[in-house]
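run.cif follows; it contains mmCIF, C-alpha atoms.
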```cif
data_model
#
loop_
_atom_site.label_atom_id
_atom_site.label_comp_id
_atom_site.auth_asym_id
_atom_site.auth_seq_id
_atom_site.Cartn_x
_atom_site.Cartn_y
_atom_site.Cartn_z
CA MET H 1 61.06 115.24 65.39
CA THR H 2 63.57 112.61 64.21
CA SER H 3 67.12 113.81 63.63
CA SER H 4 69.48 112.49 60.98
CA HIS H 5 71.62 111.00 63.76
CA ASP H 6 68.88 108.71 65.11
CA HIS H 7 69.44 106.03 62.48
CA ALA H 8 73.09 106.75 61.68
CA THR H 9 74.35 103.31 62.70
CA TYR H 10 71.76 101.51 60.56
CA THR H 11 72.57 103.75 57.59
CA GLU H 12 76.29 103.17 58.05
CA ILE H 13 75.83 99.41 58.17
CA LYS H 14 73.65 99.40 55.04
CA SER H 15 76.09 101.58 53.09
CA GLN H 16 79.29 99.85 54.15
CA THR H 17 79.82 98.00 50.88
CA ASP H 18 80.74 101.28 49.17
CA ALA H 19 83.52 101.66 51.73
CA TRP H 20 84.65 98.09 51.05
CA ALA H 21 85.03 98.96 47.37
CA GLN H 22 87.08 102.04 48.18
CA ALA H 23 89.23 100.04 50.61
CA LEU H 24 90.13 97.63 47.83
CA GLU H 25 90.82 100.44 45.37
CA VAL H 26 93.11 102.29 47.77
CA THR H 27 94.98 99.17 48.89
CA ARG H 28 95.60 98.14 45.29
CA ALA H 29 97.03 101.57 44.47
CA VAL H 30 99.67 101.88 47.22
CA THR H 31 103.19 100.52 47.03
CA LEU H 32 103.61 98.00 49.84
CA PRO H 33 106.95 96.98 51.34
CA ASP H 34 108.64 93.63 50.76
CA PRO H 35 107.77 91.36 53.70
CA GLU H 36 111.22 89.76 53.48
CA LYS H 37 112.72 93.02 54.80
CA TYR H 38 111.21 92.44 58.24
CA GLU H 39 111.98 89.93 60.94
CA GLN H 40 109.02 91.02 63.06
CA VAL H 41 105.53 92.26 62.16
CA VAL H 42 103.28 93.91 64.75
CA PHE H 43 99.68 95.06 64.29
CA THR H 44 98.35 97.57 66.81
CA GLY H 45 95.17 99.44 67.66
CA CYS H 46 92.86 100.25 70.57
CA GLY H 47 89.42 98.82 71.31
CA SER H 48 87.79 97.76 68.06
CA THR H 49 90.97 98.26 66.08
CA TYR H 50 92.88 96.03 68.51
CA TYR H 51 90.39 93.27 67.72
CA LEU H 52 90.86 94.09 64.05
CA SER H 53 94.62 93.78 64.60
CA MET H 54 94.10 90.31 66.09
CA ALA H 55 92.27 89.17 62.97
CA ALA H 56 94.67 90.94 60.60
CA SER H 57 97.82 89.57 62.23
CA ALA H 58 96.43 86.03 62.00
CA THR H 59 95.59 86.65 58.33
CA TYR H 60 99.08 87.99 57.64
CA GLN H 61 100.75 84.99 59.23
CA GLU H 62 98.51 82.50 57.46
CA LEU H 63 99.03 84.06 54.03
CA THR H 64 102.72 84.98 54.22
CA GLY H 65 103.99 82.22 56.49
CA ARG H 66 105.78 84.88 58.54
CA SER H 67 105.26 85.48 62.24
CA ALA H 68 102.97 88.36 63.21
CA ARG H 69 101.27 89.44 66.42
CA ALA H 70 98.70 91.95 67.63
CA VAL H 71 99.24 94.21 70.65
CA PRO H 72 97.10 96.99 72.13
CA GLY H 73 98.35 100.49 71.42
CA GLY H 74 98.75 101.23 75.13
CA GLU H 75 100.91 98.15 75.64
CA LEU H 76 103.14 99.08 72.71
CA LEU H 77 103.55 102.55 74.18
CA LEU H 78 104.20 101.57 77.80
CA ASN H 79 105.85 98.16 77.47
CA SER H 80 107.60 98.14 74.12
CA GLN H 81 110.59 96.39 75.71
CA ILE H 82 108.60 93.14 75.97
CA ILE H 83 107.14 93.47 72.48
CA LEU H 84 109.84 94.85 70.20
CA THR H 85 113.31 93.43 69.69
CA SER H 86 116.39 94.72 67.91
CA GLN H 87 115.07 93.11 64.72
CA LYS H 88 113.73 95.32 61.97
CA THR H 89 109.98 95.58 62.46
CA LEU H 90 106.99 96.40 60.31
CA LEU H 91 104.33 98.12 62.41
CA VAL H 92 100.76 98.22 61.08
CA ALA H 93 98.83 100.85 63.04
CA ILE H 94 95.04 100.84 62.70
CA SER H 95 92.81 103.71 63.88
CA ARG H 96 89.38 104.85 62.74
CA SER H 97 90.01 108.51 63.57
CA GLY H 98 93.74 108.66 63.01
CA THR H 99 94.01 110.50 66.33
CA THR H 100 93.77 107.66 68.90
CA THR H 101 96.06 108.91 71.66
CA GLU H 102 97.81 105.68 72.65
CA THR H 103 98.29 104.56 69.06
CA VAL H 104 99.64 107.93 67.93
CA LYS H 105 102.11 108.10 70.82
CA ALA H 106 103.19 104.49 70.34
CA VAL H 107 103.85 105.02 66.63
CA GLU H 108 105.65 108.30 67.28
CA LYS H 109 107.93 106.53 69.78
CA PHE H 110 108.47 103.65 67.35
CA LYS H 111 109.62 106.03 64.62
CA LYS H 112 111.75 108.12 66.97
CA GLU H 113 113.60 104.96 68.05
CA ASN H 114 114.09 103.97 64.39
CA ARG H 115 112.54 100.55 64.93
CA GLY H 116 111.36 100.05 61.34
CA ASP H 117 108.58 101.02 58.96
CA VAL H 118 104.94 101.92 59.55
CA ILE H 119 101.77 101.23 57.59
CA VAL H 120 98.72 103.20 58.74
CA ILE H 121 95.17 102.04 58.01
CA SER H 122 92.54 104.66 58.85
CA ASN H 123 89.39 106.41 57.69
CA TYR H 124 90.89 109.86 58.22
CA ASP H 125 94.10 111.51 57.02
CA GLU H 126 95.08 112.78 60.46
CA VAL H 127 98.11 113.05 62.74
CA LEU H 128 98.80 109.29 62.68
CA SER H 129 99.29 109.44 58.92
CA LYS H 130 102.24 111.79 59.35
CA PHE H 131 104.30 108.96 60.85
CA ALA H 132 103.49 106.45 58.11
CA ASP H 133 105.72 105.13 55.38
CA VAL H 134 102.56 103.83 53.68
CA ASN H 135 99.07 105.24 54.20
CA ILE H 136 95.86 103.35 53.44
CA ILE H 137 93.11 105.94 54.00
CA ILE H 138 89.46 105.05 53.38
CA PRO H 139 87.27 108.19 53.69
CA SER H 140 84.11 106.30 52.69
CA GLY H 141 84.34 104.43 55.99
CA GLN H 142 83.93 107.57 58.10
CA GLU H 143 81.06 107.50 60.60
CA GLU H 144 78.89 109.62 62.88
CA SER H 145 78.20 106.75 65.29
CA VAL H 146 80.28 105.93 68.34
CA ALA H 147 80.13 102.19 67.65
CA GLN H 148 82.32 101.20 64.73
CA THR H 149 80.59 99.30 61.95
CA ARG H 150 81.27 100.63 58.46
CA SER H 151 84.69 101.89 59.50
CA PHE H 152 85.72 98.57 61.04
CA ALA H 153 84.58 96.58 58.03
CA SER H 154 86.31 98.91 55.56
CA MET H 155 89.61 98.76 57.45
CA PHE H 156 89.38 94.97 57.78
CA VAL H 157 88.86 94.65 54.03
CA ALA H 158 91.90 96.89 53.50
CA ALA H 159 94.01 94.93 55.97
CA THR H 160 93.04 91.63 54.37
CA ALA H 161 93.85 92.91 50.88
CA MET H 162 97.16 94.28 52.18
CA CYS H 163 98.07 90.87 53.64
CA ALA H 164 97.13 89.14 50.39
CA ARG H 165 99.23 91.51 48.31
CA MET H 166 102.24 91.16 50.60
CA ALA H 167 101.90 87.39 50.29
CA GLY H 168 101.95 87.69 46.49
CA ARG H 169 98.33 86.54 46.32
CA ASP H 170 96.92 89.01 43.83
CA ASP H 171 94.40 86.32 42.91
CA LEU H 172 92.82 86.74 46.35
CA VAL H 173 92.69 90.49 45.95
CA ASP H 174 91.01 90.06 42.57
CA SER H 175 88.43 87.71 44.08
CA MET H 176 87.69 90.29 46.78
CA SER H 177 86.28 92.56 44.07
CA ALA H 178 83.05 90.58 44.40
CA LEU H 179 82.71 91.46 48.10
CA PRO H 180 80.50 94.59 47.73
CA GLU H 181 77.93 92.74 45.63
CA VAL H 182 77.99 89.71 47.92
CA GLY H 183 77.68 91.94 50.98
CA GLN H 184 74.63 93.69 49.58
CA ARG H 185 72.99 90.35 48.85
CA ILE H 186 73.71 88.97 52.33
CA MET H 187 72.30 92.06 54.03
CA ARG H 188 69.19 91.93 51.85
CA ASP H 189 68.61 88.21 52.40
CA PHE H 190 69.34 88.03 56.12
CA GLU H 191 68.13 91.38 57.48
CA PRO H 192 64.65 89.95 58.27
CA ALA H 193 66.18 87.13 60.35
CA ALA H 194 68.54 89.55 62.10
CA ARG H 195 65.65 91.88 62.88
CA GLU H 196 63.58 89.01 64.28
CA ILE H 197 66.38 87.96 66.62
CA GLY H 198 67.13 91.54 67.63
CA GLU H 199 63.51 92.26 68.52
CA ASN H 200 63.09 89.07 70.55
CA LEU H 201 63.44 90.27 74.15
CA ASN H 202 63.54 86.68 75.40
CA PHE H 203 67.21 86.64 74.41
CA ASP H 204 69.24 88.26 77.18
CA ARG H 205 72.61 86.52 76.74
CA PHE H 206 74.71 86.27 73.63
CA TYR H 207 77.86 84.23 73.00
CA PHE H 208 80.06 84.71 69.96
CA LEU H 209 82.37 81.86 69.02
CA GLY H 210 85.43 82.18 66.85
CA SER H 211 88.80 80.55 66.28
CA GLY H 212 91.88 81.43 64.28
CA ILE H 213 91.34 84.51 62.14
CA ARG H 214 87.76 84.75 63.36
CA TYR H 215 88.49 85.02 67.09
CA GLY H 216 89.32 88.74 66.83
CA LEU H 217 86.10 89.23 64.86
CA ALA H 218 84.10 87.40 67.54
CA CYS H 219 85.59 89.79 70.12
CA GLU H 220 84.54 92.75 68.01
CA VAL H 221 80.95 91.50 67.56
CA ASN H 222 80.82 91.00 71.32
CA LEU H 223 81.91 94.62 71.80
CA LYS H 224 79.27 95.84 69.33
CA MET H 225 76.54 94.02 71.23
CA LYS H 226 77.78 95.52 74.50
CA GLU H 227 77.99 99.05 73.09
CA MET H 228 74.57 98.97 71.46
CA THR H 229 72.42 96.94 73.87
CA PHE H 230 74.15 96.67 77.27
CA ASN H 231 73.10 93.00 77.36
CA ALA H 232 75.24 90.26 78.90
CA GLN H 233 77.47 88.68 76.29
CA ARG H 234 80.88 87.10 75.84
CA ALA H 235 83.30 86.39 73.05
CA ILE H 236 84.69 82.90 73.42
CA SER H 237 87.38 80.90 71.70
CA LEU H 238 85.87 77.92 69.95
CA TYR H 239 87.42 75.68 72.61
CA GLY H 240 86.43 77.78 75.62
CA ILE H 241 82.66 77.29 75.78
CA PRO H 242 81.52 77.48 79.42
CA SER H 243 79.66 74.53 80.88
CA ARG H 244 77.21 76.86 82.71
CA THR H 245 75.76 80.18 81.59
CA ASP H 246 73.76 81.21 84.67
CA GLU H 247 73.04 80.21 88.26
CA HIS H 248 70.50 77.65 87.05
CA GLY H 249 72.87 76.04 84.57
CA GLN H 250 70.78 77.17 81.61
#
```

Show this structure as structure tokens.
Amino acid sequence: MTSSHDHATYTEIKSQTDAWAQALEVTRAVTLPDPEKYEQVVFTGCGSTYYLSMAASATYQELTGRSARAVPGGELLLNSQIILTSQKTLLVAISRSGTTTETVKAVEKFKKENRGDVIVISNYDEVLSKFADVNIIIPSGQEESVAQTRSFASMFVAATAMCARMAGRDDLVDSMSALPEVGQRIMRDFEPAAREIGENLNFDRFYFLGSGIRYGLACEVNLKMKEMTFNAQRAISLYGIPSRTDEHGQ
């Protein structure tokens, strides 16, 4: 007998555009801080949300022209002295569950030391939200699966819209309203090709290339392939393609 959990990941992927729409709605509704108040902006998360932070920090810097960086939650917790300065900081903490241990403890320490303000992006209104000055919560992105798909995409849409708004680019946020419809069309048009590649057992190595904003996304796709298939794969900067892929140079 097939349980409802057997195809949860597929269902979550196919329904993710609803979560994108909610992400945009929620991000439009919140009052965001003035980026000029901060001399340092740090994005943090663990695992998938660290890769999301990499992409989001690059987006923030590109759109606002202000320096931003991504750090793992554990590093922010254990080595904040090499990450944070005496400058007022905006910390953007990203967590699917809102309970990620390292991220929660890092944000709690950040607030206790009065380092600056916190924006939380999550799919659940949980303990992490209690430390936030601004909460961007997207319940439609919640998942049953271990591997993040719908949740990651919804939080990335929210983070991108947040960056655009803080850069004064409401025109970009408005254009993002078309994303759900475009996403549905792309999934419909390219699912057969994706299925064909996925079912081809002759492929046993996968390489995901990305640069700039897309490098963090390449890392995340690499992680998804590892979590779901246990195949050999790597995420590579566009300029770091290896000259050999196996012992035969093939």

Among H:Ser80, H:Thr99, H:Gln87, H:Ser48, Ala218 (chain H) is approached most closely, using only C-alpha atoms, by H:Ser48

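CA of Ser140 (chain H) sits 27.7 Å away from CA of Arg69 (chain H).
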
Show me as a list in words the residues that reach within 10 Å of (86.8, 94.4, 55.7), counting all atoms listed in the file and using the file's own coordinates.
-> Gln16, Thr17, Ala19, Trp20, Ala21, Ala23, Leu24, Leu52, Ala56, Arg150, Ser151, Phe152, Ala153, Ser154, Met155, Phe156, Val157, Ala158, Ala159, Thr160, Ala161, Met176 and Leu179 of chain H

Selection: 12 Å around Leu84 (chain H), only C-alpha atoms, excl. self and same-chain fewer than 5 positions, as a CSV table (one decimal) with C-alpha atoms, keeping the file's coordinate frame:
```csv
chain,number,residue,atom,x,y,z
H,39,GLU,CA,112.0,89.9,60.9
H,40,GLN,CA,109.0,91.0,63.1
H,41,VAL,CA,105.5,92.3,62.2
H,42,VAL,CA,103.3,93.9,64.8
H,43,PHE,CA,99.7,95.1,64.3
H,68,ALA,CA,103.0,88.4,63.2
H,69,ARG,CA,101.3,89.4,66.4
H,70,ALA,CA,98.7,92.0,67.6
H,71,VAL,CA,99.2,94.2,70.6
H,75,GLU,CA,100.9,98.2,75.6
H,76,LEU,CA,103.1,99.1,72.7
H,77,LEU,CA,103.6,102.6,74.2
H,78,LEU,CA,104.2,101.6,77.8
H,79,ASN,CA,105.8,98.2,77.5
H,89,THR,CA,110.0,95.6,62.5
H,90,LEU,CA,107.0,96.4,60.3
H,91,LEU,CA,104.3,98.1,62.4
H,106,ALA,CA,103.2,104.5,70.3
H,109,LYS,CA,107.9,106.5,69.8
H,110,PHE,CA,108.5,103.6,67.4
H,113,GLU,CA,113.6,105.0,68.0
H,114,ASN,CA,114.1,104.0,64.4
H,115,ARG,CA,112.5,100.6,64.9
H,116,GLY,CA,111.4,100.0,61.3
```

To one decimal place, how far is CA of Arg96 (chain H) from CA of Lys37 (chain H) in Å?
->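 Calculated distance between CA of Arg96 (chain H) and CA of Lys37 (chain H) is 27.3 Å.
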
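Restricting the calculation to all atoms listed in the file, the smallest distance between Met162 (chain H) and any of H:Thr85, H:Ser211, H:Asn123, H:Ser57 is found for H:Ser57.
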
Contacts of Ile213 (chain H) at 7 Å (all atoms listed in the file; same-chain gap of 5+ positions) as a list in words |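 Selected residues are Ala55, Ala58 and Thr59 of chain H.
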